[in-house]
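To keep things clear, I will list the structure first and then write my remarks on it.
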Amino acid sequence: MTVRELLAEAAQVLPHRDGLPDPAREVRWLLAHVLRRSEAWLWAHPDEAVDDEAAARFRAWVAERAAGQPAHYVVGACPFWGRGFEVTPKVLIPRPETELVVELALQLPLPAHPHVLDVGTGSGCLAVTLALELPHASVVATEISPAAIAIARANATRLGGRVHFVLDDLASSAAGGFDLVVANLPYVPEAEIAGLAPELTREPRVALAGGADGTELLRRLVCDLPRLLTPGGHTLLEHGDGQAGLIAPLLPALGLDEVTRMRDVSGRERVLVVRRHR
Ligand SMILES: C[S@@+](CC[C@H](N)C(=O)[O-])C[C@H]1O[C@@H](n2cnc3c(N)ncnc32)[C@H](O)[C@@H]1O
């Protein structure tokens with residue numbers, strides 16, 4: 001079959017529904033991954049023949065997608081800060097808004113050889129990216145899920161980022177002395193879990209559920225920051241809607257300052273920047 005015929009066939013299979021508003025675009029994206037080509041190449045080569053093996057793989061992926069599997073789990077990869085991270089349903093799919101944490105981290109006044117900690121590393125997207133972008137940093141990443149840490153390790157090895165991974169509850173066993181702590185911890189309030197879009201329910205619950213108001217893990221980590229951070233050290237906390245206002249009141253008693261609240265492209269407060277007093 002040709003590229004054009006396969007795309008037309010698949011567009012019939014993939015239903016229009018919430019979270020999947022543009023089936024034609026999705027099938028192009030999937031076929032581009034199967035063929036290891038760009039979508040632009042597909043546009044330019046509609047009459048190119050696709051071999052049976054690739055066509056069978058493409059049909060299997062389209063069927064998985066039609067059954068509600070998120071596209072990045074179907075192809076097993078997700079881009080983050082310009083690199084491809086392996087993902088499976090054992091880890092959260094890295095979100096574009098989390099790149100804001102990297103952007104902010106790279107703007108901070110860090111020492112020449114910074115000690116960096118990523119808490120709840122998931123696929124390793126933050127830890128591995130920071131290890132690669134800050135080549136003189138020593139990076140530690142923690143995670144409570146053994147399955148996730150295995151994927152993060154594989155990503156670090158494949159992408160060449162040197163990260164020390166530790167299976168831990170938050171950073172309980174970390175010794176401290178970090179110039180920078182980053183965390184994108186689960187922050188969905190308990191009451192919202194049941195109403196999540198179907199695609200989100202395919203992601204691990206341990207990566208989403210943040211306790212009663214969503215800030216349970218964030219609060220626990222914030223209370224540990226005086227121990228984890230060097231004097232003057234910074235923390236970047238990704239959080240959900242309206243949660244900076246729940247966390248910020250904890251800071252003064254802990255010897256921490258709120259530096260700023262950064263908004264994502266949709267204008268929502270997304271990352272709370274915190275600094276330990278000198
Ligand atoms: C929202 S996901 C973010 C993953 C990754 N940092 C990212 O930005 O894509 C949160 C991660 O925290 C992990 N996690 C949940 N509770 C934890 C805990 N108590 N200690 C360490 N990690 C935890 C989850 O397994 C999950 O991988």
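Ligands are numbered from 1 in the order shown, chains are lettered A, B, ... in the order of the structure tokens, and residues start at 1 in each chain.
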
Task: Spatial neighbours of range 219-222 of chain A, 9 Å, only C-alpha atoms, chain gap at least 6 places, as a list in words - done: Val119, Leu170, Ala171, Ala183, Leu246, Ile247, Leu250, Leu251 and Leu254 of chain A

Would you output that residue set with C-alpha atoms, as a CSV table (one decimal), in the first residue's frame?
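again35.csv written:
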```
chain,number,residue,atom,x,y,z
A,119,VAL,CA,12.8,14.6,43.3
A,170,LEU,CA,11.0,12.0,48.3
A,171,ALA,CA,14.7,12.7,49.3
A,183,ALA,CA,10.6,18.6,41.5
A,246,LEU,CA,-1.0,27.0,49.5
A,247,ILE,CA,2.7,26.4,49.6
A,250,LEU,CA,5.0,27.6,54.8
A,251,LEU,CA,8.3,29.2,53.6
A,254,LEU,CA,11.5,27.3,57.3
```

Within 9 Å of His234 in chain A using only C-alpha atoms, minus same-chain residues under 2 positions, as an mmCIF file with C-alpha atoms, in the first residue's frame:
```
data_model
loop_
_atom_site.group_PDB
_atom_site.id
_atom_site.type_symbol
_atom_site.label_atom_id
_atom_site.label_comp_id
_atom_site.auth_asym_id
_atom_site.auth_seq_id
_atom_site.Cartn_x
_atom_site.Cartn_y
_atom_site.Cartn_z
ATOM 1 C CA ALA A 105 17.277 26.281 36.165
ATOM 2 C CA LEU A 108 19.940 30.636 38.011
ATOM 3 C CA LEU A 110 24.749 28.406 40.208
ATOM 4 C CA PHE A 178 22.269 20.771 47.050
ATOM 5 C CA ASP A 179 22.583 24.088 45.225
ATOM 6 C CA LEU A 180 19.472 23.322 43.196
ATOM 7 C CA VAL A 181 16.470 21.101 43.891
ATOM 8 C CA VAL A 182 13.886 20.573 41.145
ATOM 9 C CA LEU A 229 19.615 23.075 50.261
ATOM 10 C CA THR A 230 22.908 24.892 50.728
ATOM 11 C CA PRO A 231 22.521 28.463 52.094
ATOM 12 C CA GLY A 232 21.375 30.580 49.121
ATOM 13 C CA LEU A 236 12.009 24.981 41.476
ATOM 14 C CA VAL A 259 11.647 34.337 44.798
ATOM 15 C CA VAL A 273 10.910 29.483 42.800
ATOM 16 C CA VAL A 274 12.209 29.264 46.374
ATOM 17 C CA ARG A 275 15.576 30.209 47.921
ATOM 18 C CA ARG A 276 17.075 29.240 51.262
#
```

Among range 129-183 of chain A, which ones does DSSP place in strand (DSSP E or B), written as a PDB file with N, CA and C atoms, in the first residue's frame?
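Saved as result-v4.pdb:
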```
ATOM      1  N   SER A 138      26.847  17.738  39.396  1.00  0.00           N
ATOM      2  CA  SER A 138      26.621  16.342  39.813  1.00  0.00           C
ATOM      3  C   SER A 138      25.138  16.248  40.130  1.00  0.00           C
ATOM      4  N   VAL A 139      24.482  15.300  39.492  1.00  0.00           N
ATOM      5  CA  VAL A 139      23.011  15.235  39.548  1.00  0.00           C
ATOM      6  C   VAL A 139      22.566  13.945  40.229  1.00  0.00           C
ATOM      7  N   VAL A 140      21.700  14.108  41.238  1.00  0.00           N
ATOM      8  CA  VAL A 140      21.079  12.980  41.922  1.00  0.00           C
ATOM      9  C   VAL A 140      19.588  13.037  41.606  1.00  0.00           C
ATOM     10  N   ALA A 141      18.977  11.879  41.368  1.00  0.00           N
ATOM     11  CA  ALA A 141      17.530  11.847  41.114  1.00  0.00           C
ATOM     12  C   ALA A 141      16.895  10.767  41.964  1.00  0.00           C
ATOM     13  N   THR A 142      15.776  11.094  42.602  1.00  0.00           N
ATOM     14  CA  THR A 142      15.077  10.100  43.419  1.00  0.00           C
ATOM     15  C   THR A 142      13.745   9.735  42.777  1.00  0.00           C
ATOM     16  N   GLU A 143      13.252   8.570  43.184  1.00  0.00           N
ATOM     17  CA  GLU A 143      11.973   8.098  42.646  1.00  0.00           C
ATOM     18  C   GLU A 143      11.470   6.984  43.558  1.00  0.00           C
ATOM     19  N   VAL A 163      23.759  10.634  35.882  1.00  0.00           N
ATOM     20  CA  VAL A 163      22.828  10.892  36.992  1.00  0.00           C
ATOM     21  C   VAL A 163      22.945   9.733  37.973  1.00  0.00           C
ATOM     22  N   HIS A 164      22.959  10.067  39.263  1.00  0.00           N
ATOM     23  CA  HIS A 164      22.943   9.023  40.291  1.00  0.00           C
ATOM     24  C   HIS A 164      21.490   8.835  40.737  1.00  0.00           C
ATOM     25  N   PHE A 165      20.913   7.682  40.416  1.00  0.00           N
ATOM     26  CA  PHE A 165      19.504   7.436  40.734  1.00  0.00           C
ATOM     27  C   PHE A 165      19.372   6.709  42.074  1.00  0.00           C
ATOM     28  N   VAL A 166      18.394   7.156  42.872  1.00  0.00           N
ATOM     29  CA  VAL A 166      18.180   6.566  44.195  1.00  0.00           C
ATOM     30  C   VAL A 166      16.691   6.285  44.367  1.00  0.00           C
ATOM     31  N   LEU A 167      16.390   5.027  44.735  1.00  0.00           N
ATOM     32  CA  LEU A 167      15.013   4.679  45.080  1.00  0.00           C
ATOM     33  C   LEU A 167      14.744   5.230  46.474  1.00  0.00           C
ATOM     34  N   PHE A 178      22.637  20.524  48.452  1.00  0.00           N
ATOM     35  CA  PHE A 178      22.269  20.771  47.050  1.00  0.00           C
ATOM     36  C   PHE A 178      22.144  22.276  46.770  1.00  0.00           C
ATOM     37  N   ASP A 179      22.718  22.691  45.659  1.00  0.00           N
ATOM     38  CA  ASP A 179      22.583  24.088  45.225  1.00  0.00           C
ATOM     39  C   ASP A 179      21.261  24.304  44.502  1.00  0.00           C
ATOM     40  N   LEU A 180      20.728  23.233  43.948  1.00  0.00           N
ATOM     41  CA  LEU A 180      19.472  23.322  43.196  1.00  0.00           C
ATOM     42  C   LEU A 180      18.663  22.045  43.411  1.00  0.00           C
ATOM     43  N   VAL A 181      17.410  22.227  43.809  1.00  0.00           N
ATOM     44  CA  VAL A 181      16.470  21.101  43.891  1.00  0.00           C
ATOM     45  C   VAL A 181      15.346  21.386  42.909  1.00  0.00           C
ATOM     46  N   VAL A 182      15.040  20.425  42.043  1.00  0.00           N
ATOM     47  CA  VAL A 182      13.886  20.573  41.145  1.00  0.00           C
ATOM     48  C   VAL A 182      12.913  19.439  41.444  1.00  0.00           C
ATOM     49  N   ALA A 183      11.632  19.709  41.271  1.00  0.00           N
ATOM     50  CA  ALA A 183      10.649  18.649  41.502  1.00  0.00           C
ATOM     51  C   ALA A 183       9.379  18.931  40.738  1.00  0.00           C
TER      52      ALA A 183
END
```

- [ ] List the neighbours of range 94-100 of chain A out to 8 Å using only C-alpha atoms; skip same-chain residues closer than 3 positions along the sequence, and give me the result as a list in words.
- [x]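 Those residues are Cys78, Pro79, Phe80, Trp81, Glu103, Leu104, Ser123, Cys125, Asn184, Glu238, Asp264, Val265, Arg270 and Val271 of chain A.
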
TODO: Rank nothing, just name the residue among A:Ala137, A:Val62, A:Leu237, A:Val102 nearest to Arg28 in chain A, using only C-alpha atoms.
DONE: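 With only C-alpha atoms as the atom set, the closest residue is A:Val62.
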
Neighbour list for Gln12 in chain A as an mmCIF file with N, CA and C atoms, in the first residue's frame, cut-off 12 Å, only C-alpha atoms, skip fewer than 6 positions in-chain:
```cif
data_model
loop_
_atom_site.group_PDB
_atom_site.id
_atom_site.type_symbol
_atom_site.label_atom_id
_atom_site.label_comp_id
_atom_site.auth_asym_id
_atom_site.auth_seq_id
_atom_site.Cartn_x
_atom_site.Cartn_y
_atom_site.Cartn_z
ATOM 1 N N GLU A 5 -2.724 5.771 0.807
ATOM 2 C CA GLU A 5 -3.775 4.773 1.084
ATOM 3 C C GLU A 5 -3.812 4.382 2.557
ATOM 4 N N LEU A 6 -2.617 4.183 3.138
ATOM 5 C CA LEU A 6 -2.564 3.802 4.560
ATOM 6 C C LEU A 6 -3.138 4.896 5.455
ATOM 7 N N ASP A 22 -8.082 15.470 16.196
ATOM 8 C CA ASP A 22 -7.652 15.542 14.801
ATOM 9 C C ASP A 22 -7.021 14.214 14.366
ATOM 10 N N PRO A 23 -7.866 13.201 14.077
ATOM 11 C CA PRO A 23 -7.340 11.879 13.730
ATOM 12 C C PRO A 23 -6.376 11.893 12.542
ATOM 13 N N ALA A 24 -6.639 12.737 11.545
ATOM 14 C CA ALA A 24 -5.772 12.741 10.356
ATOM 15 C C ALA A 24 -4.345 13.133 10.756
ATOM 16 N N GLU A 26 -3.029 12.790 13.777
ATOM 17 C CA GLU A 26 -2.483 11.716 14.610
ATOM 18 C C GLU A 26 -1.930 10.576 13.758
ATOM 19 N N VAL A 27 -2.679 10.193 12.729
ATOM 20 C CA VAL A 27 -2.210 9.043 11.939
ATOM 21 C C VAL A 27 -0.948 9.410 11.146
ATOM 22 N N ARG A 59 -0.749 -0.343 11.554
ATOM 23 C CA ARG A 59 -2.151 -0.684 11.864
ATOM 24 C C ARG A 59 -2.292 -1.055 13.341
ATOM 25 N N VAL A 62 -2.255 2.148 15.326
ATOM 26 C CA VAL A 62 -3.517 2.891 15.167
ATOM 27 C C VAL A 62 -4.602 2.242 16.032
ATOM 28 N N ALA A 63 -4.603 0.895 16.067
ATOM 29 C CA ALA A 63 -5.605 0.195 16.891
ATOM 30 C C ALA A 63 -5.407 0.519 18.371
ATOM 31 N N ALA A 66 -6.655 3.964 18.925
ATOM 32 C CA ALA A 66 -8.126 4.002 18.872
ATOM 33 C C ALA A 66 -8.718 3.482 20.180
#
```

- [ ] Rank A:Pro226, A:Gly210, A:Pro252, A:Gly76 by their smallest atom-to-atom distance to ligand 1, using only C-alpha atoms and all ligand atoms, and report the top residue only.
- [x]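 For ligand 1, the nearest of the given residues is A:Gly210.
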